[in-house]
file model15.cif (mmCIF, C-alpha atoms)
data_protein
loop_
_atom_site.label_atom_id
_atom_site.label_comp_id
_atom_site.auth_asym_id
_atom_site.auth_seq_id
_atom_site.Cartn_x
_atom_site.Cartn_y
_atom_site.Cartn_z
CA MET A 15 22.26 -5.43 39.03
CA SER A 16 21.54 -7.51 42.07
CA THR A 17 18.17 -8.50 40.60
CA GLU A 18 19.95 -9.72 37.45
CA LEU A 19 22.20 -11.86 39.61
CA ARG A 20 19.31 -13.28 41.58
CA LYS A 21 17.37 -13.99 38.41
CA GLU A 22 20.29 -15.86 36.93
CA LEU A 23 20.38 -17.97 40.03
CA ILE A 24 16.69 -18.73 39.78
CA VAL A 25 16.63 -19.59 36.08
CA SER A 26 20.08 -20.77 35.17
CA ALA A 27 22.04 -19.55 32.17
CA ILE A 28 22.07 -21.45 28.91
CA GLU A 29 25.02 -22.02 26.61
CA ASN A 30 23.13 -21.88 23.29
CA GLY A 31 19.53 -21.04 22.65
CA THR A 32 16.91 -18.37 23.14
CA VAL A 33 15.86 -16.36 26.15
CA ILE A 34 12.43 -14.78 26.06
CA ASP A 35 12.41 -12.08 28.69
CA HIS A 36 9.86 -9.54 29.94
CA ILE A 37 6.84 -11.79 29.56
CA PRO A 38 3.89 -10.83 31.78
CA SER A 39 3.94 -13.38 34.60
CA ASN A 40 0.47 -14.68 33.84
CA SER A 41 1.30 -15.23 30.15
CA VAL A 42 4.27 -17.57 30.48
CA PHE A 43 2.24 -20.69 29.89
CA GLN A 44 0.38 -19.12 26.97
CA VAL A 45 3.69 -18.19 25.37
CA MET A 46 4.88 -21.77 25.81
CA LYS A 47 1.74 -23.05 24.19
CA ILE A 48 1.89 -20.61 21.26
CA LEU A 49 5.54 -21.52 20.59
CA GLU A 50 4.68 -25.20 21.09
CA LEU A 51 7.25 -25.51 23.85
CA ASP A 52 4.84 -27.86 25.58
CA LYS A 53 5.60 -30.33 22.79
CA THR A 54 9.32 -29.75 22.21
CA THR A 55 12.08 -32.20 23.07
CA ASN A 56 14.46 -29.30 23.81
CA GLN A 57 15.22 -28.37 27.40
CA VAL A 58 13.01 -25.51 28.56
CA LEU A 59 13.66 -23.51 31.73
CA PHE A 60 11.25 -20.91 32.96
CA GLY A 61 10.38 -18.64 35.83
CA THR A 62 7.30 -16.65 36.75
CA ASN A 63 6.70 -13.83 39.22
CA LEU A 64 10.32 -12.77 39.03
CA GLU A 65 11.19 -9.25 40.09
CA SER A 66 11.62 -6.79 37.28
CA GLN A 67 12.65 -3.16 37.57
CA LYS A 68 10.65 -2.25 34.45
CA PHE A 69 7.49 -4.27 34.99
CA GLY A 70 7.34 -5.14 38.66
CA ARG A 71 6.81 -8.84 38.05
CA LYS A 72 7.72 -10.75 34.95
CA GLY A 73 8.19 -14.16 33.48
CA ILE A 74 11.14 -15.57 31.58
CA ILE A 75 11.61 -18.62 29.36
CA LYS A 76 14.89 -20.12 28.25
CA VAL A 77 15.04 -22.74 25.54
CA ARG A 78 18.21 -24.68 24.94
CA GLU A 79 19.43 -25.19 21.36
CA LYS A 80 16.46 -23.49 19.76
CA PHE A 81 16.20 -20.30 17.68
CA PHE A 82 12.99 -18.75 16.43
CA THR A 83 12.04 -17.06 13.16
CA ASP A 84 10.42 -13.62 13.31
CA THR A 85 7.10 -15.08 12.14
CA ALA A 86 7.08 -17.63 14.91
CA ILE A 87 8.04 -15.16 17.57
CA ASN A 88 5.65 -12.40 16.52
CA LYS A 89 2.79 -14.72 17.38
CA ILE A 90 3.50 -14.13 21.06
CA ALA A 91 3.12 -10.36 20.64
CA LEU A 92 -0.56 -10.62 21.54
CA VAL A 93 0.17 -12.07 24.98
CA ALA A 94 3.59 -10.58 25.57
CA PRO A 95 3.81 -7.27 23.68
CA ASN A 96 6.92 -6.12 25.54
CA ALA A 97 8.86 -9.37 25.30
CA THR A 98 12.55 -9.29 24.43
CA LEU A 99 14.14 -12.10 22.43
CA ILE A 100 17.74 -12.80 23.28
CA GLU A 101 19.79 -15.16 21.20
CA ILE A 102 22.58 -16.80 23.18
CA ARG A 103 25.63 -18.55 21.72
CA SER A 104 28.43 -19.78 23.98
CA PHE A 105 26.83 -18.04 26.97
CA LYS A 106 27.04 -14.69 25.13
CA VAL A 107 24.22 -12.45 23.96
CA VAL A 108 24.36 -12.42 20.15
CA THR A 109 21.20 -10.45 19.34
CA LYS A 110 18.34 -8.83 21.20
CA ARG A 111 15.10 -7.98 19.51
CA LYS A 112 11.58 -6.89 20.39
CA VAL A 113 8.46 -8.64 19.18
CA ASN A 114 6.17 -7.01 16.62
CA VAL A 115 2.42 -7.44 16.44
CA PRO A 116 1.76 -9.42 13.22
CA ASP A 117 -0.66 -8.35 10.45
CA ASN A 118 -2.62 -11.58 10.73
CA VAL A 119 -3.27 -13.90 13.64
CA GLU A 120 -4.26 -17.49 13.05
CA ASN A 121 -5.58 -19.96 15.55
CA ILE A 122 -4.23 -18.21 18.65
CA ALA A 123 -7.13 -16.07 19.84
CA LYS A 124 -10.85 -16.75 20.05
CA CYS A 125 -13.45 -14.54 18.41
CA PHE A 126 -15.47 -12.75 21.12
CA ASN A 127 -18.70 -13.10 19.11
CA PRO A 128 -20.64 -16.09 20.47
CA LYS A 129 -22.56 -16.30 17.18
CA CYS A 130 -19.39 -16.60 15.09
CA ILE A 131 -18.92 -19.86 13.18
CA THR A 132 -15.48 -20.31 14.80
CA ASN A 133 -17.19 -20.67 18.19
CA ILE A 134 -19.79 -23.11 16.91
CA GLU A 135 -18.07 -25.48 14.49
CA GLN A 136 -14.49 -26.66 14.30
CA VAL A 137 -13.11 -23.76 12.30
CA PRO A 138 -9.59 -22.41 12.95
CA THR A 139 -9.80 -18.70 13.85
CA ARG A 140 -8.29 -16.06 11.56
CA PHE A 141 -8.00 -12.36 12.28
CA LYS A 142 -6.59 -9.29 10.60
CA VAL A 143 -4.96 -6.98 13.13
CA VAL A 144 -6.64 -3.66 12.32
CA ASP A 145 -5.05 -1.73 15.19
CA LYS A 146 -1.64 -2.82 16.42
CA THR A 147 -1.36 -0.46 19.38
CA GLU A 148 -4.87 -0.91 20.76
CA LEU A 149 -4.91 -4.57 19.61
CA ARG A 150 -8.12 -4.78 17.65
CA LEU A 151 -8.66 -8.02 15.74
CA LEU A 152 -11.05 -8.21 12.78
CA CYS A 153 -12.49 -11.70 12.43
CA HIS A 154 -12.05 -13.13 8.93
CA TYR A 155 -15.36 -14.98 9.30
CA CYS A 156 -17.96 -12.93 11.17
CA GLU A 157 -16.22 -9.57 10.43
CA LYS A 158 -16.59 -8.37 14.02
CA ILE A 159 -13.79 -6.71 15.94
CA THR A 160 -12.44 -8.38 19.08
CA LYS A 161 -10.88 -5.74 21.34
CA LYS A 162 -7.86 -6.26 23.54
CA GLU A 163 -9.91 -6.64 26.72
CA ASN A 164 -12.03 -9.37 25.08
CA ILE A 165 -9.18 -11.46 23.73
CA HIS A 166 -9.13 -15.02 25.01
CA PHE A 167 -6.54 -17.48 23.86
CA ILE A 168 -7.23 -20.91 22.51
CA MET B 28 -16.32 -12.89 -11.40
CA LYS B 29 -16.60 -16.34 -12.96
CA ASN B 30 -16.61 -19.09 -10.31
CA ARG B 31 -16.04 -16.60 -7.50
CA SER B 32 -18.04 -16.59 -4.30
CA LEU B 33 -19.86 -13.50 -3.05
CA VAL B 34 -19.79 -13.54 0.74
CA SER B 35 -19.21 -9.91 1.63
CA ILE B 36 -19.96 -7.02 -0.71
CA ASN B 37 -16.32 -5.97 -0.88
CA ASP B 38 -15.34 -9.35 -2.33
CA PHE B 39 -16.25 -7.63 -5.60
CA THR B 40 -14.64 -4.40 -6.76
CA LYS B 41 -16.66 -1.28 -7.46
CA ALA B 42 -16.28 -1.94 -11.20
CA GLU B 43 -17.58 -5.50 -10.78
CA GLN B 44 -20.53 -4.30 -8.71
CA LEU B 45 -21.42 -1.78 -11.42
CA GLN B 46 -21.14 -4.49 -14.10
CA ILE B 47 -23.75 -6.51 -12.19
CA LEU B 48 -26.06 -3.49 -11.99
CA ASP B 49 -25.68 -2.89 -15.75
CA ARG B 50 -26.43 -6.53 -16.50
CA ALA B 51 -29.47 -6.34 -14.20
CA GLU B 52 -30.83 -3.51 -16.36
CA GLU B 53 -30.83 -5.92 -19.32
CA PHE B 54 -32.79 -8.48 -17.30
CA GLU B 55 -35.24 -5.80 -16.23
CA LYS B 56 -36.02 -5.19 -19.92
CA ASN B 57 -36.06 -8.88 -20.78
CA PRO B 58 -36.36 -11.14 -17.72
CA ASN B 59 -36.84 -14.49 -19.45
CA GLN B 60 -33.59 -15.68 -21.00
CA ARG B 61 -32.85 -19.40 -21.00
CA ILE B 62 -29.12 -19.15 -20.49
CA LEU B 63 -28.85 -21.49 -17.48
CA GLN B 64 -30.14 -24.58 -19.28
CA GLY B 65 -28.55 -27.68 -17.72
CA LYS B 66 -27.31 -25.80 -14.63
CA VAL B 67 -28.31 -26.76 -11.09
CA VAL B 68 -28.39 -24.16 -8.34
CA ALA B 69 -28.65 -25.31 -4.72
CA SER B 70 -30.74 -23.08 -2.47
CA LEU B 71 -29.89 -23.85 1.17
CA PHE B 72 -31.99 -21.81 3.59
CA PHE B 73 -31.15 -22.78 7.15
CA GLU B 74 -33.23 -19.81 8.27
CA PRO B 75 -36.65 -18.70 6.99
CA SER B 76 -36.94 -16.15 4.20
CA THR B 77 -39.64 -15.14 1.74
CA ARG B 78 -38.18 -12.51 -0.57
CA THR B 79 -34.58 -13.58 -0.75
CA ARG B 80 -35.27 -17.26 -1.33
CA LEU B 81 -38.15 -16.79 -3.74
CA SER B 82 -36.40 -14.08 -5.73
CA PHE B 83 -33.32 -16.29 -6.07
CA GLU B 84 -35.42 -19.25 -7.14
CA SER B 85 -37.45 -17.06 -9.48
CA ALA B 86 -34.20 -15.71 -10.96
CA VAL B 87 -32.88 -19.23 -11.65
CA ASN B 88 -36.20 -20.35 -13.11
CA ARG B 89 -36.45 -17.33 -15.40
CA LEU B 90 -32.99 -18.19 -16.69
CA GLY B 91 -33.99 -21.79 -17.41
CA GLY B 92 -31.89 -23.39 -14.63
CA ARG B 93 -33.03 -25.90 -12.00
CA VAL B 94 -33.18 -25.39 -8.24
CA ILE B 95 -32.58 -28.00 -5.55
CA GLY B 96 -32.47 -27.40 -1.82
CA PHE B 97 -34.43 -26.81 1.34
CA SER B 98 -36.15 -23.85 2.96
CA ASP B 99 -35.92 -24.98 6.56
CA ALA B 100 -32.97 -26.47 8.45
CA ASN B 101 -35.37 -28.99 10.05
CA SER B 102 -35.85 -30.71 6.71
CA SER B 103 -32.08 -31.14 6.21
CA SER B 104 -29.50 -33.37 7.91
CA THR B 105 -28.53 -30.38 10.05
CA SER B 106 -31.38 -31.52 12.31
CA LYS B 107 -29.47 -34.80 12.77
CA GLY B 108 -26.40 -32.85 13.88
CA GLU B 109 -24.52 -32.72 10.58
CA SER B 110 -21.87 -29.98 10.48
CA LEU B 111 -22.14 -27.15 7.97
CA LYS B 112 -18.89 -28.31 6.41
CA ASP B 113 -20.27 -31.77 5.67
CA THR B 114 -23.52 -30.38 4.28
CA ILE B 115 -21.62 -28.02 1.98
CA LEU B 116 -19.18 -30.71 0.80
CA THR B 117 -22.14 -32.92 -0.06
CA VAL B 118 -24.20 -30.29 -1.82
CA SER B 119 -21.11 -29.16 -3.80
CA ASN B 120 -21.30 -32.55 -5.49
CA TYR B 121 -24.86 -31.98 -6.60
CA SER B 122 -24.80 -28.40 -7.88
CA ASP B 123 -22.99 -25.73 -9.90
CA LEU B 124 -23.60 -22.94 -7.40
CA ILE B 125 -24.84 -22.73 -3.81
CA VAL B 126 -27.04 -19.94 -2.49
CA MET B 127 -27.01 -20.09 1.28
CA ARG B 128 -28.67 -18.37 4.21
CA HIS B 129 -27.53 -19.39 7.66
CA PRO B 130 -28.09 -17.92 11.15
CA ILE B 131 -24.43 -18.22 12.18
CA GLU B 132 -22.12 -15.28 11.43
CA GLY B 133 -19.18 -16.16 9.21
CA SER B 134 -20.89 -19.36 8.04
CA ALA B 135 -20.88 -18.21 4.41
CA ARG B 136 -17.15 -17.39 4.41
CA TRP B 137 -16.44 -20.79 5.91
CA ALA B 138 -18.68 -22.49 3.35
CA SER B 139 -16.87 -20.68 0.51
CA GLU B 140 -13.56 -22.07 1.78
CA VAL B 141 -14.90 -25.61 1.98
CA ALA B 142 -17.04 -25.79 -1.17
CA SER B 143 -15.78 -26.76 -4.61
CA VAL B 144 -18.46 -24.57 -6.22
CA PRO B 145 -19.05 -20.83 -5.70
CA ILE B 146 -21.20 -19.67 -2.77
CA ILE B 147 -23.56 -16.74 -2.76
CA ASN B 148 -24.24 -15.49 0.75
CA ALA B 149 -27.96 -14.84 1.14
CA GLY B 150 -27.46 -13.63 4.71
CA ASP B 151 -25.25 -14.94 7.55
CA GLY B 152 -26.71 -14.03 10.93
CA ALA B 153 -26.25 -10.34 11.66
CA ASN B 154 -23.18 -10.14 9.42
CA GLN B 155 -23.59 -9.61 5.67
CA HIS B 156 -26.28 -9.71 3.01
CA PRO B 157 -24.49 -8.72 -0.21
CA THR B 158 -27.26 -9.50 -2.73
CA GLN B 159 -29.66 -7.25 -0.83
CA CYS B 160 -26.91 -4.67 -1.04
CA LEU B 161 -26.65 -5.01 -4.82
CA LEU B 162 -30.38 -4.64 -5.22
CA ASP B 163 -30.34 -1.60 -2.93
CA LEU B 164 -27.58 -0.04 -5.03
CA TYR B 165 -29.60 -0.84 -8.14
CA THR B 166 -32.69 0.80 -6.66
CA ILE B 167 -30.81 3.88 -5.49
CA ARG B 168 -29.30 4.33 -8.97
CA GLN B 169 -32.70 3.72 -10.57
CA THR B 170 -34.43 6.39 -8.47
CA GLN B 171 -31.68 9.02 -8.30
CA GLY B 172 -30.01 8.47 -11.68
CA THR B 173 -26.64 8.16 -9.94
CA LEU B 174 -24.92 6.55 -6.98
CA ASP B 175 -22.47 9.38 -6.44
CA ASN B 176 -22.55 12.17 -3.82
CA LEU B 177 -25.92 11.28 -2.26
CA ASN B 178 -27.19 11.93 1.26
CA ILE B 179 -28.41 8.61 2.61
CA ALA B 180 -30.10 7.98 5.95
CA PHE B 181 -30.25 4.64 7.72
CA VAL B 182 -32.91 4.21 10.39
CA GLY B 183 -33.54 1.58 13.03
CA ASP B 184 -31.38 -1.38 13.90
CA LEU B 185 -27.96 -0.42 12.61
CA LYS B 186 -26.19 -2.78 14.97
CA TYR B 187 -27.69 -6.10 13.93
CA GLY B 188 -29.11 -5.12 10.54
CA ARG B 189 -26.94 -7.01 8.08
CA THR B 190 -28.43 -5.20 5.06
CA VAL B 191 -27.23 -1.95 6.60
CA HIS B 192 -23.68 -3.25 7.10
CA SER B 193 -23.29 -4.40 3.51
CA LEU B 194 -24.87 -1.26 2.06
CA VAL B 195 -22.86 1.19 4.16
CA MET B 196 -19.65 -0.58 3.13
CA ALA B 197 -20.59 -0.41 -0.55
CA LEU B 198 -21.70 3.22 -0.42
CA THR B 199 -18.34 4.34 0.93
CA GLN B 200 -17.14 3.91 -2.68
CA PHE B 201 -19.57 6.58 -3.91
CA ASN B 202 -18.79 9.63 -1.76
CA THR B 203 -21.98 9.23 0.24
CA THR B 204 -22.84 11.44 3.22
CA PHE B 205 -24.27 9.15 5.90
CA HIS B 206 -27.07 10.00 8.32
CA LEU B 207 -27.30 7.30 10.98
CA ILE B 208 -30.46 7.24 13.08
CA SER B 209 -30.80 4.62 15.79
CA PRO B 210 -31.29 4.07 19.50
CA THR B 211 -27.97 4.23 21.35
CA GLU B 212 -28.07 0.45 21.95
CA LEU B 213 -28.36 -0.22 18.21
CA LYS B 214 -25.67 2.05 16.77
CA LEU B 215 -23.60 1.02 13.76
CA PRO B 216 -20.80 -1.38 14.85
CA SER B 217 -17.31 0.09 14.94
CA SER B 218 -16.10 -2.45 12.37
CA VAL B 219 -18.55 -0.96 9.83
CA LYS B 220 -18.03 2.65 10.86
CA MET B 221 -14.35 2.03 10.20
CA TYR B 222 -15.13 1.93 6.46
CA ILE B 223 -16.73 5.39 6.61
CA LYS B 224 -13.79 6.79 8.54
CA ASP B 225 -11.21 5.14 6.29
CA ALA B 226 -12.89 6.71 3.26
CA ASN B 227 -12.90 10.13 5.03
CA LEU B 228 -16.63 10.54 4.48
CA GLU B 229 -18.99 12.73 6.42
CA TYR B 230 -21.45 11.06 8.79
CA HIS B 231 -24.00 12.35 11.26
CA GLN B 232 -25.65 10.42 14.07
CA TYR B 233 -29.15 11.18 15.36
CA THR B 234 -31.64 9.64 17.72
CA GLU B 235 -34.69 11.28 16.01
CA ILE B 236 -35.75 10.61 12.39
CA THR B 237 -37.21 14.10 11.86
CA ASP B 238 -33.84 15.83 12.31
CA ALA B 239 -32.43 14.15 9.21
CA ILE B 240 -35.46 14.20 6.88
CA PRO B 241 -34.94 17.57 5.12
CA LYS B 242 -31.32 16.73 4.24
CA ILE B 243 -31.56 13.37 2.52
CA ASP B 244 -32.09 11.71 -0.89
CA ILE B 245 -32.67 8.16 0.36
CA LEU B 246 -34.31 7.05 3.60
CA PHE B 247 -33.40 3.44 4.29
CA MET B 248 -35.68 2.02 6.98
CA THR B 249 -35.02 -1.22 8.85
CA ARG B 250 -36.95 -3.41 11.20
CA ILE B 251 -35.89 -3.69 14.80
CA GLN B 252 -35.77 -7.49 14.97
CA ARG B 253 -36.90 -9.36 18.05
CA GLU B 254 -34.68 -12.36 17.27
CA ARG B 255 -31.49 -10.27 17.42
CA PHE B 256 -31.99 -9.35 21.07
CA SER B 257 -30.66 -11.49 23.86
CA ASP B 258 -32.58 -9.32 26.34
CA PRO B 259 -36.36 -9.17 25.59
CA MET B 260 -36.75 -6.13 27.86
CA GLU B 261 -34.39 -4.15 25.68
CA TYR B 262 -36.46 -5.10 22.62
CA GLU B 263 -39.72 -3.98 24.22
CA ARG B 264 -38.15 -0.68 25.19
CA VAL B 265 -36.92 0.36 21.73
CA LYS B 266 -39.28 -1.40 19.31
CA ASN B 267 -41.68 1.51 18.79
CA SER B 268 -39.21 4.37 18.83
CA TYR B 269 -38.46 4.54 15.10
CA ILE B 270 -41.76 4.56 13.24
CA LEU B 271 -42.08 6.61 10.03
CA LYS B 272 -45.41 8.36 9.43
CA ASN B 273 -46.49 10.23 6.31
CA SER B 274 -46.80 13.54 8.18
CA MET B 275 -43.07 13.37 8.97
CA LEU B 276 -42.24 13.63 5.25
CA GLU B 277 -43.58 17.17 4.72
CA LYS B 278 -40.17 18.82 4.73
CA SER B 279 -38.47 16.13 2.67
CA ARG B 280 -36.74 16.69 -0.69
CA GLN B 281 -38.69 16.15 -3.93
CA ASN B 282 -36.37 13.33 -5.03
CA LEU B 283 -36.51 11.47 -1.70
CA LYS B 284 -37.27 7.77 -1.93
CA ILE B 285 -38.00 5.51 1.02
CA LEU B 286 -36.48 2.05 0.89
CA HIS B 287 -36.88 -0.94 3.19
CA PRO B 288 -35.42 -4.45 2.78
CA LEU B 289 -38.79 -5.85 3.99
CA PRO B 290 -40.51 -7.52 5.77
CA ARG B 291 -41.79 -4.52 7.66
CA VAL B 292 -43.71 -4.86 10.87
CA ASN B 293 -44.85 -1.39 11.91
CA GLU B 294 -41.79 0.79 11.35
CA ILE B 295 -43.35 2.34 8.24
CA ASN B 296 -46.92 3.33 8.92
CA GLU B 297 -49.25 2.18 6.16
CA ASP B 298 -50.25 5.81 5.51
CA VAL B 299 -46.85 6.20 3.82
CA ASP B 300 -47.59 3.52 1.18
CA PRO B 301 -49.61 5.75 -1.24
CA ASN B 302 -46.94 8.48 -1.10
CA PRO B 303 -44.94 8.40 -4.40
CA LYS B 304 -41.80 8.62 -2.29
CA ALA B 305 -42.47 5.11 -0.93
CA TYR B 306 -40.44 2.75 -3.11
CA TYR B 307 -40.00 -0.46 -1.08
CA PHE B 308 -42.20 -2.73 -3.17
CA GLN B 309 -40.48 -1.73 -6.44
CA GLN B 310 -37.22 -2.33 -4.59
CA ALA B 311 -38.27 -5.94 -3.87
CA LEU B 312 -38.98 -6.54 -7.57
CA ASN B 313 -35.44 -5.42 -8.46
CA GLY B 314 -34.17 -8.33 -6.37
CA VAL B 315 -34.97 -10.77 -9.15
CA PHE B 316 -33.09 -8.83 -11.88
CA VAL B 317 -30.04 -8.25 -9.73
CA ARG B 318 -29.87 -11.90 -8.68
CA GLN B 319 -30.25 -12.99 -12.31
CA ALA B 320 -27.30 -10.77 -13.18
CA LEU B 321 -25.18 -12.05 -10.32
CA ILE B 322 -25.85 -15.72 -11.06
CA ALA B 323 -25.15 -15.19 -14.77
CA LYS B 324 -21.86 -13.46 -13.99
CA ILE B 325 -20.70 -16.13 -11.51
CA LEU B 326 -21.64 -19.01 -13.80
CA GLY B 327 -19.98 -17.19 -16.70
CA VAL B 328 -23.00 -17.15 -19.01
#
call {"tool": "encode", "arguments": {"input": "model15.cif", "output": "structure tokens"}}
result
Amino acid sequence: MSTELRKELIVSAIENGTVIDHIPSNSVFQVMKILELDKTTNQVLFGTNLESQKFGRKGIIKVREKFFTDTAINKIALVAPNATLIEIRSFKVVTKRKVNVPDNVENIAKCFNPKCITNIEQVPTRFKVVDKTELRLLCHYCEKITKKENIHFI
Amino acid sequence: MKNRSLVSINDFTKAEQLQILDRAEEFEKNPNQRILQGKVVASLFFEPSTRTRLSFESAVNRLGGRVIGFSDANSSSTSKGESLKDTILTVSNYSDLIVMRHPIEGSARWASEVASVPIINAGDGANQHPTQCLLDLYTIRQTQGTLDNLNIAFVGDLKYGRTVHSLVMALTQFNTTFHLISPTELKLPSSVKMYIKDANLEYHQYTEITDAIPKIDILFMTRIQRERFSDPMEYERVKNSYILKNSMLEKSRQNLKILHPLPRVNEINEDVDPNPKAYYFQQALNGVFVRQALIAKILGV
């Protein structure tokens, strides 16, 4: 409970908006990029390397006056598979949900195959997620599988 | 199939693939049919090829169509730094169909998304080679009388061999038992093996050819290609390990046929050539009939 208190002090509470919690610390900026929070005019508060009982260290992002669709939020599942989405209205938690790995991933990850057209010409990447637990991505173009440990983000 | 691209063999259903094989039988009986009069087919070979390019061009010519194109990327604007997208957009304006070979994997899929005319993939790097696959299916059916329930062995470079990838994927529709023979470094990629597993088919992996020979109906040989290796030492180490000699065929089945997409270097010893089980040159002839059938289907004639 004391950690919760401390965390609230570090990243202050929001009246209305979305809290994305349990992000791996090193993925906070990737999550921001994927959700285009680097381009938004909304107020964004974030913290990294916060203490977490579940994960040791974690990141958190709070966005004022913004709510996400499932499709938008599932895009972050590749970088933050354990993230929790908390919708806040009038300082109260309205809903909490987990992210789900999507069936298809577009223009988020790079294909690991150096001979793939997406790494040579300006072609947006497209993958089918063939294994959601192990995170194996089948490239729509070169038809090779990029494994979790080889995933790099654009 | 009209106006559809063929990039990967599973872009066409099993029924569509069989329709092409049936049509190819008609062209085998009567190869000269002037049904492509007034049609222009672009043949864009960014990478060298003898059989694939010439059999495509022969197919178009036998059907009375015209061919434009190049057989070497150096004689195209690619050498000036033009992107594939721009080349394809341009050539789409000049032709009814594009046949393309390109060294980059996924280039054909990308081209099919950019082009306003259908694309036939004549090989994209180490990825797919679906027309070779159709002619292999045709040849297997021709020699065995069926495509169903056969024991088929693949030998050599299963990792980079695009003909192997396309053919394995297609054969999973025919209850094939697979015998995969390769050096450990050149095993079938997991993305292709996934098709065998998804279809719940039996497969066996070997490192010696002789272990599989008594059990099989088709022996599909491939060349271990120097250009697919990033490490030349690795190439030198494995290049001679999978050579077929006539003496190795003693215990083989009567109906066995040996196929090879060609060109061969030394992986089939020339003492195999007179053996009636050697079928690779007949296989190359089938390429013309199958490509005639495919082009006719895609152009709707």
call {"tool": "residues_around", "arguments": {"input": "model15.cif", "residues": "Leu194 in chain B", "least_positions_apart": "6", "cutoff": "9 Å", "atoms": "only C-alpha atoms", "output": "short mmCIF file (atom, residue, chain, number, x, y, z; two decimals) with C-alpha atoms, keeping the file's coordinate frame"}}
result
data_model
loop_
_atom_site.label_atom_id
_atom_site.label_comp_id
_atom_site.auth_asym_id
_atom_site.auth_seq_id
_atom_site.Cartn_x
_atom_site.Cartn_y
_atom_site.Cartn_z
CA ILE B 36 -19.96 -7.02 -0.71
CA HIS B 156 -26.28 -9.71 3.01
CA PRO B 157 -24.49 -8.72 -0.21
CA GLN B 159 -29.66 -7.25 -0.83
CA CYS B 160 -26.91 -4.67 -1.04
CA LEU B 161 -26.65 -5.01 -4.82
CA ASP B 163 -30.34 -1.60 -2.93
CA LEU B 164 -27.58 -0.04 -5.03
#
call {"tool": "interface_residues", "arguments": {"input": "model15.cif", "of": "chain A", "to": "chain B", "cutoff": "12 Å", "atoms": "all atoms listed in the file", "output": "VMD selection string"}}
result
chain A and resid 125 127 to 140 142 144 to 145 150 to 161
call {"tool": "residues_around", "arguments": {"input": "model15.cif", "residues": "Ala69 in chain B", "least_positions_apart": "3", "cutoff": "7 Å", "atoms": "only C-alpha atoms", "output": "ChimeraX atom specification"}}
result
/B:94-96,122,124-126
call {"tool": "axis_aligned_box", "arguments": {"input": "model15.cif", "around": "range 131-145 of chain A", "padding_each_side": "3 Å", "output": "lines of an AutoDock Vina configuration file"}}
result
center_x = -12.4
center_y = -14.2
center_z = 14.4
size_x = 20.8
size_y = 30.9
size_z = 13.6
call {"tool": "resolve_selection", "arguments": {"input": "model15.cif", "expression": "the PyMOL selection byres ((chain A and resi 71-76) around 10)", "output": "number ranges by chain"}}
result
A: 21, 25-28, 30-43, 45-46, 51, 57-70, 77-80, 94, 97-102
call {"tool": "write_last_selection", "arguments": {"input": "model15.cif", "atoms": "C-alpha atoms", "output": "JSON list (two decimals), keeping the file's coordinate frame"}}
result
[["chain", "number", "residue", "atom", "x", "y", "z"],
["A", 21, "LYS", "CA", 17.37, -13.99, 38.41],
["A", 25, "VAL", "CA", 16.63, -19.59, 36.08],
["A", 26, "SER", "CA", 20.08, -20.77, 35.17],
["A", 27, "ALA", "CA", 22.04, -19.55, 32.17],
["A", 28, "ILE", "CA", 22.07, -21.45, 28.91],
["A", 30, "ASN", "CA", 23.13, -21.88, 23.29],
["A", 31, "GLY", "CA", 19.53, -21.04, 22.65],
["A", 32, "THR", "CA", 16.91, -18.37, 23.14],
["A", 33, "VAL", "CA", 15.86, -16.36, 26.15],
["A", 34, "ILE", "CA", 12.43, -14.78, 26.06],
["A", 35, "ASP", "CA", 12.41, -12.08, 28.69],
["A", 36, "HIS", "CA", 9.86, -9.54, 29.94],
["A", 37, "ILE", "CA", 6.84, -11.79, 29.56],
["A", 38, "PRO", "CA", 3.89, -10.83, 31.78],
["A", 39, "SER", "CA", 3.94, -13.38, 34.60],
["A", 40, "ASN", "CA", 0.47, -14.68, 33.84],
["A", 41, "SER", "CA", 1.30, -15.23, 30.15],
["A", 42, "VAL", "CA", 4.27, -17.57, 30.48],
["A", 43, "PHE", "CA", 2.24, -20.69, 29.89],
["A", 45, "VAL", "CA", 3.69, -18.19, 25.37],
["A", 46, "MET", "CA", 4.88, -21.77, 25.81],
["A", 51, "LEU", "CA", 7.25, -25.51, 23.85],
["A", 57, "GLN", "CA", 15.22, -28.37, 27.40],
["A", 58, "VAL", "CA", 13.01, -25.51, 28.56],
["A", 59, "LEU", "CA", 13.66, -23.51, 31.73],
["A", 60, "PHE", "CA", 11.25, -20.91, 32.96],
["A", 61, "GLY", "CA", 10.38, -18.64, 35.83],
["A", 62, "THR", "CA", 7.30, -16.65, 36.75],
["A", 63, "ASN", "CA", 6.70, -13.83, 39.22],
["A", 64, "LEU", "CA", 10.32, -12.77, 39.03],
["A", 65, "GLU", "CA", 11.19, -9.25, 40.09],
["A", 66, "SER", "CA", 11.62, -6.79, 37.28],
["A", 67, "GLN", "CA", 12.65, -3.16, 37.57],
["A", 68, "LYS", "CA", 10.65, -2.25, 34.45],
["A", 69, "PHE", "CA", 7.49, -4.27, 34.99],
["A", 70, "GLY", "CA", 7.34, -5.14, 38.66],
["A", 77, "VAL", "CA", 15.04, -22.74, 25.54],
["A", 78, "ARG", "CA", 18.21, -24.68, 24.94],
["A", 79, "GLU", "CA", 19.43, -25.19, 21.36],
["A", 80, "LYS", "CA", 16.46, -23.49, 19.76],
["A", 94, "ALA", "CA", 3.59, -10.58, 25.57],
["A", 97, "ALA", "CA", 8.86, -9.37, 25.30],
["A", 98, "THR", "CA", 12.55, -9.29, 24.43],
["A", 99, "LEU", "CA", 14.14, -12.10, 22.43],
["A", 100, "ILE", "CA", 17.74, -12.80, 23.28],
["A", 101, "GLU", "CA", 19.79, -15.16, 21.20],
["A", 102, "ILE", "CA", 22.58, -16.80, 23.18]]
